[in-house]
Amino acid sequence: MLNNDCIFCKIIKGEIPSAKVYEDDKMLVFKDIEPKAKEHLLAVAKTHFKLLEEADEAGRGLVDYMLFKIPGIARKNGCENGYRLVINQGADAGQTVFHLHIHILGGQTLDW
Ligand code: AMP
Ligand code: ZN
């Protein structure tokens with residue numbers, strides 16, 4: 001289920017361009033427009049939900065699927081020496097896009 005007012009849903013539908021690095025029927029991975037590391041990808045499920053706690057069983061399955069796929073995608077995109085996964089949840093974490101996404105940060109030593 002996608003949401004008409006959500007920027008990541010618009011990217012999934014192709015209404016907003018993105019630098020895609022991986023796509024299948026369940027997930028999309030594209031480059032973050034304001035990279036916070038040398039390599040900064042965002043993995044999004046092709047279902048709209050805002051927070052982990054809002055994910056139903058199918059949604060949790062998608063998170064599990066993304067975590068299963070991410071290592072290979074990261075390795076092929078400059079993160080062969082390691083990477084960090086970040087999932088911001090809500091205001092205190094600074095979440096700005098309310099469509100669950102997994103940040104993949106790497107391509108350098110992450111000294112923070
Ligand atoms: P968060 O702060 O965890 O909600 O992360 C949202 C991320 O989405 C930020 O790192 C933004 O730079 C990124 N972002 C916002 N709009 C776009 C876009 N159109 N294409 C790619 N990344 C985006
Ligand atoms: Zn969405």
# chains A, B, ... in the order shown; residues from 1 in each chain; ligands from 1

$ residues_near_ligand --ligand "ligand 1" --cutoff "7 Å" --atoms "only C-alpha atoms and all ligand atoms" --output "list in words"
Ile7, Ile16, Ser18, Phe30, Lys31, Asp32, Ile33, Glu34, Pro35, Ile87, Asn88, Gly94, Gln95, Thr96, Val97, Phe98 and His101 of chain A

$ write_last_selection --atoms "N, CA, C and O atoms" --output "short mmCIF file (atom, residue, chain, number, x, y, z; two decimals), in the first residue's frame"
data_model
loop_
_atom_site.label_atom_id
_atom_site.label_comp_id
_atom_site.auth_asym_id
_atom_site.auth_seq_id
_atom_site.Cartn_x
_atom_site.Cartn_y
_atom_site.Cartn_z
N ILE A 7 6.90 11.25 0.04
CA ILE A 7 7.97 11.43 -0.95
C ILE A 7 8.60 10.10 -1.36
O ILE A 7 8.91 9.88 -2.54
N ILE A 16 8.96 10.84 -8.69
CA ILE A 16 10.11 11.68 -8.34
C ILE A 16 11.35 10.85 -8.69
O ILE A 16 11.40 9.66 -8.37
N SER A 18 15.12 9.26 -8.69
CA SER A 18 16.09 8.88 -7.66
C SER A 18 17.22 8.12 -8.34
O SER A 18 17.05 7.60 -9.45
N PHE A 30 18.13 3.41 -3.06
CA PHE A 30 18.61 4.54 -3.86
C PHE A 30 19.57 5.38 -3.03
O PHE A 30 19.64 5.26 -1.80
N LYS A 31 20.30 6.26 -3.70
CA LYS A 31 21.29 7.09 -3.02
C LYS A 31 20.60 8.22 -2.29
O LYS A 31 19.69 8.85 -2.84
N ASP A 32 21.05 8.48 -1.06
CA ASP A 32 20.52 9.61 -0.30
C ASP A 32 20.93 10.91 -0.99
O ASP A 32 22.07 11.08 -1.42
N ILE A 33 19.98 11.83 -1.10
CA ILE A 33 20.21 13.09 -1.82
C ILE A 33 21.17 14.01 -1.06
O ILE A 33 21.81 14.88 -1.67
N GLU A 34 21.28 13.82 0.25
CA GLU A 34 22.23 14.61 1.07
C GLU A 34 23.10 13.64 1.86
O GLU A 34 22.86 13.41 3.04
N PRO A 35 24.09 13.04 1.19
CA PRO A 35 24.85 11.96 1.83
C PRO A 35 25.60 12.40 3.09
O PRO A 35 26.22 13.45 3.11
N ILE A 87 18.08 3.24 11.54
CA ILE A 87 16.64 3.41 11.30
C ILE A 87 16.16 4.46 12.29
O ILE A 87 16.00 4.17 13.49
N ASN A 88 15.95 5.67 11.84
CA ASN A 88 15.45 6.73 12.72
C ASN A 88 13.97 6.50 12.98
O ASN A 88 13.20 6.21 12.06
N GLY A 94 15.18 12.53 14.92
CA GLY A 94 15.33 13.40 13.76
C GLY A 94 14.75 12.81 12.48
O GLY A 94 15.14 13.20 11.38
N GLN A 95 13.80 11.89 12.63
CA GLN A 95 13.17 11.32 11.42
C GLN A 95 12.47 12.43 10.65
O GLN A 95 11.70 13.21 11.21
N THR A 96 12.77 12.52 9.35
CA THR A 96 12.17 13.58 8.53
C THR A 96 11.24 13.02 7.45
O THR A 96 10.36 13.74 6.98
N VAL A 97 11.45 11.79 7.05
CA VAL A 97 10.57 11.16 6.07
C VAL A 97 9.86 10.00 6.77
O VAL A 97 10.51 9.07 7.26
N PHE A 98 8.54 10.08 6.79
CA PHE A 98 7.77 9.12 7.59
C PHE A 98 7.29 7.93 6.77
O PHE A 98 6.11 7.60 6.73
N HIS A 101 12.55 3.55 6.54
CA HIS A 101 13.71 3.35 5.67
C HIS A 101 14.92 3.00 6.50
O HIS A 101 15.04 3.40 7.65
#

$ residues_around --residues "A:Pro71" --least-positions-apart "2" --cutoff "12 Å" --atoms "only C-alpha atoms" --output "PyMOL selection string"
chain A and resi 43+65-69+73-85+104-106

$ closest_residue --among "A:Val63, A:Met27, A:Leu100, A:Leu41" --to "ligand 2" --atoms "only C-alpha atoms and all ligand atoms"
A:Leu100

$ closest_atom_pairs --of "chain A" --to "ligand 2" --cutoff "12 Å" --atoms "only C-alpha atoms and all ligand atoms" --output "Markdown table"
| residue | atom | partner | partner_atom_place_in_ligand_line | distance |
| --- | --- | --- | --- | --- |
| A:Met1 | CA | ligand 2 | 1 (Zn) | 8.5 |
| A:Leu2 | CA | ligand 2 | 1 (Zn) | 5.6 |
| A:Asn3 | CA | ligand 2 | 1 (Zn) | 5.2 |
| A:Asn4 | CA | ligand 2 | 1 (Zn) | 7.7 |
| A:Asp5 | CA | ligand 2 | 1 (Zn) | 7.6 |
| A:Cys6 | CA | ligand 2 | 1 (Zn) | 4.5 |
| A:Ile7 | CA | ligand 2 | 1 (Zn) | 6.4 |
| A:Phe8 | CA | ligand 2 | 1 (Zn) | 4.9 |
| A:Cys9 | CA | ligand 2 | 1 (Zn) | 4.0 |
| A:Lys10 | CA | ligand 2 | 1 (Zn) | 7.4 |
| A:Ile11 | CA | ligand 2 | 1 (Zn) | 8.8 |
| A:Ile12 | CA | ligand 2 | 1 (Zn) | 8.3 |
| A:Lys13 | CA | ligand 2 | 1 (Zn) | 10.0 |
| A:Met27 | CA | ligand 2 | 1 (Zn) | 12.0 |
| A:Leu28 | CA | ligand 2 | 1 (Zn) | 11.8 |
| A:Val44 | CA | ligand 2 | 1 (Zn) | 8.7 |
| A:Ala45 | CA | ligand 2 | 1 (Zn) | 8.7 |
| A:Lys46 | CA | ligand 2 | 1 (Zn) | 7.9 |
| A:Thr47 | CA | ligand 2 | 1 (Zn) | 6.8 |
| A:His48 | CA | ligand 2 | 1 (Zn) | 4.1 |
| A:Phe49 | CA | ligand 2 | 1 (Zn) | 6.5 |
| A:Lys50 | CA | ligand 2 | 1 (Zn) | 7.6 |
| A:Leu51 | CA | ligand 2 | 1 (Zn) | 11.0 |
| A:Val97 | CA | ligand 2 | 1 (Zn) | 8.3 |
| A:Phe98 | CA | ligand 2 | 1 (Zn) | 6.9 |
| A:His99 | CA | ligand 2 | 1 (Zn) | 4.5 |
| A:Leu100 | CA | ligand 2 | 1 (Zn) | 7.6 |
| A:His101 | CA | ligand 2 | 1 (Zn) | 9.5 |

$ select_by_dssp --residues "stretch 6-93 of chain A" --states "alpha helix (DSSP H)" --output "PyMOL selection string"
chain A and resi 7-13+57-75

$ write_last_selection --atoms "C-alpha atoms" --output "PDB file, in the first residue's frame"
ATOM      1  CA  ILE A   7       7.971  11.431  -0.953  1.00  0.00           C
ATOM      2  CA  PHE A   8       9.361   7.885  -0.793  1.00  0.00           C
ATOM      3  CA  CYS A   9       6.097   6.446  -2.150  1.00  0.00           C
ATOM      4  CA  LYS A  10       6.436   8.943  -5.023  1.00  0.00           C
ATOM      5  CA  ILE A  11       9.999   7.715  -5.630  1.00  0.00           C
ATOM      6  CA  ILE A  12       8.738   4.094  -5.618  1.00  0.00           C
ATOM      7  CA  LYS A  13       6.041   5.034  -8.171  1.00  0.00           C
ATOM      8  CA  GLU A  57       3.166  -9.097  10.154  1.00  0.00           C
ATOM      9  CA  ALA A  58       3.676  -8.472   6.429  1.00  0.00           C
ATOM     10  CA  GLY A  59       5.548  -5.257   7.203  1.00  0.00           C
ATOM     11  CA  ARG A  60       7.830  -7.028   9.657  1.00  0.00           C
ATOM     12  CA  GLY A  61       8.477  -9.614   6.974  1.00  0.00           C
ATOM     13  CA  LEU A  62       9.584  -6.818   4.644  1.00  0.00           C
ATOM     14  CA  VAL A  63      12.019  -5.442   7.236  1.00  0.00           C
ATOM     15  CA  ASP A  64      13.415  -8.948   7.637  1.00  0.00           C
ATOM     16  CA  TYR A  65      13.686  -9.281   3.842  1.00  0.00           C
ATOM     17  CA  MET A  66      15.509  -5.948   3.536  1.00  0.00           C
ATOM     18  CA  LEU A  67      18.004  -6.924   6.246  1.00  0.00           C
ATOM     19  CA  PHE A  68      18.600 -10.173   4.339  1.00  0.00           C
ATOM     20  CA  LYS A  69      19.250  -8.343   1.029  1.00  0.00           C
ATOM     21  CA  ILE A  70      21.259  -5.368   2.321  1.00  0.00           C
ATOM     22  CA  PRO A  71      24.676  -7.071   2.787  1.00  0.00           C
ATOM     23  CA  GLY A  72      24.981  -7.957  -0.905  1.00  0.00           C
ATOM     24  CA  ILE A  73      23.707  -4.545  -2.040  1.00  0.00           C
ATOM     25  CA  ALA A  74      26.101  -2.740   0.332  1.00  0.00           C
ATOM     26  CA  ARG A  75      29.063  -4.828  -0.849  1.00  0.00           C
TER      27      ARG A  75
END

$ select_by_dssp --residues "chain A" --states "strand (DSSP E)" --output "CSV table (one decimal) with N, CA and C atoms, in the first residue's frame"
chain,number,residue,atom,x,y,z
A,20,LYS,N,18.7,5.1,-8.3
A,20,LYS,CA,18.4,3.7,-7.9
A,20,LYS,C,19.7,2.8,-8.0
A,21,VAL,N,19.9,2.0,-7.0
A,21,VAL,CA,21.0,1.1,-7.1
A,21,VAL,C,20.5,-0.4,-7.1
A,22,TYR,N,19.3,-0.6,-6.6
A,22,TYR,CA,18.7,-1.9,-6.5
A,22,TYR,C,17.2,-1.8,-6.4
A,23,GLU,N,16.5,-2.7,-7.1
A,23,GLU,CA,15.0,-2.8,-7.0
A,23,GLU,C,14.6,-4.2,-7.3
A,27,MET,N,11.3,-4.2,-2.5
A,27,MET,CA,12.1,-3.1,-2.0
A,27,MET,C,12.8,-2.3,-3.1
A,28,LEU,N,13.2,-1.1,-2.7
A,28,LEU,CA,14.0,-0.2,-3.5
A,28,LEU,C,15.1,0.4,-2.7
A,29,VAL,N,16.3,0.5,-3.4
A,29,VAL,CA,17.4,1.1,-2.7
A,29,VAL,C,18.0,2.2,-3.6
A,30,PHE,N,18.1,3.4,-3.1
A,30,PHE,CA,18.6,4.5,-3.9
A,30,PHE,C,19.6,5.4,-3.0
A,31,LYS,N,20.3,6.3,-3.7
A,31,LYS,CA,21.3,7.1,-3.0
A,31,LYS,C,20.6,8.2,-2.3
A,39,GLU,N,29.5,6.8,1.1
A,39,GLU,CA,28.4,6.1,0.5
A,39,GLU,C,27.2,6.1,1.4
A,40,HIS,N,26.1,6.6,0.9
A,40,HIS,CA,24.9,6.7,1.8
A,40,HIS,C,23.7,6.3,0.9
A,41,LEU,N,23.2,5.1,1.2
A,41,LEU,CA,22.0,4.5,0.5
A,41,LEU,C,20.8,4.5,1.5
A,42,LEU,N,19.6,4.5,0.9
A,42,LEU,CA,18.4,4.3,1.6
A,42,LEU,C,17.7,3.1,1.1
A,43,ALA,N,17.3,2.2,2.0
A,43,ALA,CA,16.5,1.0,1.6
A,43,ALA,C,15.1,1.2,2.1
A,44,VAL,N,14.2,1.2,1.1
A,44,VAL,CA,12.8,1.4,1.5
A,44,VAL,C,11.9,0.2,1.0
A,45,ALA,N,11.0,-0.2,1.9
A,45,ALA,CA,10.0,-1.3,1.5
A,45,ALA,C,9.0,-0.6,0.6
A,83,TYR,N,29.9,-1.2,7.0
A,83,TYR,CA,28.8,-0.2,6.9
A,83,TYR,C,28.0,-0.1,8.2
A,84,ARG,N,27.3,0.9,8.3
A,84,ARG,CA,26.4,1.1,9.5
A,84,ARG,C,25.0,1.2,9.0
A,85,LEU,N,24.0,0.5,9.7
A,85,LEU,CA,22.6,0.6,9.4
A,85,LEU,C,22.0,1.5,10.4
A,86,VAL,N,21.1,2.4,10.0
A,86,VAL,CA,20.4,3.3,10.9
A,86,VAL,C,19.0,3.4,10.5
A,101,HIS,N,12.5,3.5,6.5
A,101,HIS,CA,13.7,3.4,5.7
A,101,HIS,C,14.9,3.0,6.5
A,102,ILE,N,15.8,2.3,5.9
A,102,ILE,CA,17.1,1.9,6.5
A,102,ILE,C,18.2,2.6,5.8
A,103,HIS,N,18.9,3.4,6.6
A,103,HIS,CA,20.1,4.1,6.1
A,103,HIS,C,21.3,3.1,6.0
A,104,ILE,N,22.0,3.1,4.9
A,104,ILE,CA,23.2,2.3,4.8
A,104,ILE,C,24.4,3.3,4.6
A,105,LEU,N,25.2,3.3,5.6
A,105,LEU,CA,26.3,4.3,5.6
A,105,LEU,C,27.7,3.6,5.6
A,106,GLY,N,28.5,4.0,4.6
A,106,GLY,CA,29.8,3.4,4.6
A,106,GLY,C,30.7,4.1,3.6

$ decode --residues "chain A" --atoms "C-alpha atoms" --output "mmCIF file, in the first residue's frame"
data_model
loop_
_atom_site.group_PDB
_atom_site.id
_atom_site.type_symbol
_atom_site.label_atom_id
_atom_site.label_comp_id
_atom_site.auth_asym_id
_atom_site.auth_seq_id
_atom_site.Cartn_x
_atom_site.Cartn_y
_atom_site.Cartn_z
ATOM 1 C CA MET A 1 0.000 0.000 0.000
ATOM 2 C CA LEU A 2 1.496 3.371 -1.015
ATOM 3 C CA ASN A 3 0.608 6.870 0.188
ATOM 4 C CA ASN A 4 -0.040 9.747 -2.239
ATOM 5 C CA ASP A 5 1.507 12.365 0.054
ATOM 6 C CA CYS A 6 4.735 10.509 0.820
ATOM 7 C CA ILE A 7 7.971 11.431 -0.953
ATOM 8 C CA PHE A 8 9.361 7.885 -0.793
ATOM 9 C CA CYS A 9 6.097 6.446 -2.150
ATOM 10 C CA LYS A 10 6.436 8.943 -5.023
ATOM 11 C CA ILE A 11 9.999 7.715 -5.630
ATOM 12 C CA ILE A 12 8.738 4.094 -5.618
ATOM 13 C CA LYS A 13 6.041 5.034 -8.171
ATOM 14 C CA GLY A 14 8.640 6.838 -10.320
ATOM 15 C CA GLU A 15 6.930 10.226 -9.872
ATOM 16 C CA ILE A 16 10.114 11.678 -8.342
ATOM 17 C CA PRO A 17 13.510 10.691 -9.767
ATOM 18 C CA SER A 18 16.092 8.883 -7.661
ATOM 19 C CA ALA A 19 19.505 7.328 -8.162
ATOM 20 C CA LYS A 20 18.430 3.697 -7.861
ATOM 21 C CA VAL A 21 21.031 1.060 -7.097
ATOM 22 C CA TYR A 22 18.704 -1.926 -6.519
ATOM 23 C CA GLU A 23 15.047 -2.752 -7.041
ATOM 24 C CA ASP A 24 12.866 -5.825 -6.837
ATOM 25 C CA ASP A 25 9.160 -6.424 -6.199
ATOM 26 C CA LYS A 26 9.500 -5.788 -2.428
ATOM 27 C CA MET A 27 12.128 -3.079 -1.980
ATOM 28 C CA LEU A 28 13.971 -0.162 -3.548
ATOM 29 C CA VAL A 29 17.448 1.106 -2.701
ATOM 30 C CA PHE A 30 18.614 4.537 -3.860
ATOM 31 C CA LYS A 31 21.295 7.088 -3.018
ATOM 32 C CA ASP A 32 20.516 9.612 -0.301
ATOM 33 C CA ILE A 33 20.212 13.092 -1.819
ATOM 34 C CA GLU A 34 22.228 14.609 1.070
ATOM 35 C CA PRO A 35 24.851 11.958 1.831
ATOM 36 C CA LYS A 36 26.147 11.854 5.414
ATOM 37 C CA ALA A 37 28.981 9.451 4.488
ATOM 38 C CA LYS A 38 30.966 8.741 1.304
ATOM 39 C CA GLU A 39 28.408 6.055 0.480
ATOM 40 C CA HIS A 40 24.887 6.690 1.765
ATOM 41 C CA LEU A 41 22.018 4.549 0.517
ATOM 42 C CA LEU A 42 18.416 4.327 1.643
ATOM 43 C CA ALA A 43 16.544 1.033 1.572
ATOM 44 C CA VAL A 44 12.752 1.366 1.513
ATOM 45 C CA ALA A 45 10.044 -1.265 1.456
ATOM 46 C CA LYS A 46 7.418 -0.934 -1.266
ATOM 47 C CA THR A 47 4.765 -0.577 1.427
ATOM 48 C CA HIS A 48 4.075 2.625 3.307
ATOM 49 C CA PHE A 49 4.430 2.538 7.061
ATOM 50 C CA LYS A 50 5.901 5.178 9.299
ATOM 51 C CA LEU A 51 7.376 3.360 12.267
ATOM 52 C CA LEU A 52 8.487 -0.152 13.118
ATOM 53 C CA GLU A 53 5.670 -0.320 15.659
ATOM 54 C CA GLU A 54 3.143 0.305 12.871
ATOM 55 C CA ALA A 55 4.353 -2.641 10.809
ATOM 56 C CA ASP A 56 1.946 -5.552 10.706
ATOM 57 C CA GLU A 57 3.166 -9.097 10.154
ATOM 58 C CA ALA A 58 3.676 -8.472 6.429
ATOM 59 C CA GLY A 59 5.548 -5.257 7.203
ATOM 60 C CA ARG A 60 7.830 -7.028 9.657
ATOM 61 C CA GLY A 61 8.477 -9.614 6.974
ATOM 62 C CA LEU A 62 9.584 -6.818 4.644
ATOM 63 C CA VAL A 63 12.019 -5.442 7.236
ATOM 64 C CA ASP A 64 13.415 -8.948 7.637
ATOM 65 C CA TYR A 65 13.686 -9.281 3.842
ATOM 66 C CA MET A 66 15.509 -5.948 3.536
ATOM 67 C CA LEU A 67 18.004 -6.924 6.246
ATOM 68 C CA PHE A 68 18.600 -10.173 4.339
ATOM 69 C CA LYS A 69 19.250 -8.343 1.029
ATOM 70 C CA ILE A 70 21.259 -5.368 2.321
ATOM 71 C CA PRO A 71 24.676 -7.071 2.787
ATOM 72 C CA GLY A 72 24.981 -7.957 -0.905
ATOM 73 C CA ILE A 73 23.707 -4.545 -2.040
ATOM 74 C CA ALA A 74 26.101 -2.740 0.332
ATOM 75 C CA ARG A 75 29.063 -4.828 -0.849
ATOM 76 C CA LYS A 76 28.340 -3.955 -4.503
ATOM 77 C CA ASN A 77 28.073 -0.240 -3.694
ATOM 78 C CA GLY A 78 31.380 0.677 -2.096
ATOM 79 C CA CYS A 79 30.758 -0.714 1.390
ATOM 80 C CA GLU A 80 32.929 -3.832 1.182
ATOM 81 C CA ASN A 81 34.887 -2.825 4.301
ATOM 82 C CA GLY A 82 31.777 -2.489 6.428
ATOM 83 C CA TYR A 83 28.849 -0.186 6.881
ATOM 84 C CA ARG A 84 26.393 1.058 9.473
ATOM 85 C CA LEU A 85 22.616 0.636 9.365
ATOM 86 C CA VAL A 86 20.439 3.325 10.941
ATOM 87 C CA ILE A 87 16.642 3.409 11.300
ATOM 88 C CA ASN A 88 15.450 6.728 12.718
ATOM 89 C CA GLN A 89 12.194 6.431 14.658
ATOM 90 C CA GLY A 90 10.282 9.606 15.418
ATOM 91 C CA ALA A 91 11.049 13.182 16.394
ATOM 92 C CA ASP A 92 13.873 12.700 18.899
ATOM 93 C CA ALA A 93 15.781 10.637 16.335
ATOM 94 C CA GLY A 94 15.334 13.398 13.756
ATOM 95 C CA GLN A 95 13.172 11.321 11.421
ATOM 96 C CA THR A 96 12.170 13.579 8.532
ATOM 97 C CA VAL A 97 10.565 11.157 6.067
ATOM 98 C CA PHE A 98 7.767 9.121 7.592
ATOM 99 C CA HIS A 99 8.095 6.054 5.409
ATOM 100 C CA LEU A 100 10.210 3.452 7.134
ATOM 101 C CA HIS A 101 13.708 3.353 5.669
ATOM 102 C CA ILE A 102 17.062 1.870 6.515
ATOM 103 C CA HIS A 103 20.113 4.118 6.081
ATOM 104 C CA ILE A 104 23.209 2.285 4.799
ATOM 105 C CA LEU A 105 26.316 4.337 5.603
ATOM 106 C CA GLY A 106 29.832 3.383 4.565
ATOM 107 C CA GLY A 107 32.622 3.856 2.037
ATOM 108 C CA GLN A 108 34.809 5.326 4.784
ATOM 109 C CA THR A 109 35.706 4.846 8.428
ATOM 110 C CA LEU A 110 32.688 5.986 10.407
ATOM 111 C CA ASP A 111 34.423 7.735 13.292
ATOM 112 C CA TRP A 112 31.303 9.054 14.985
#
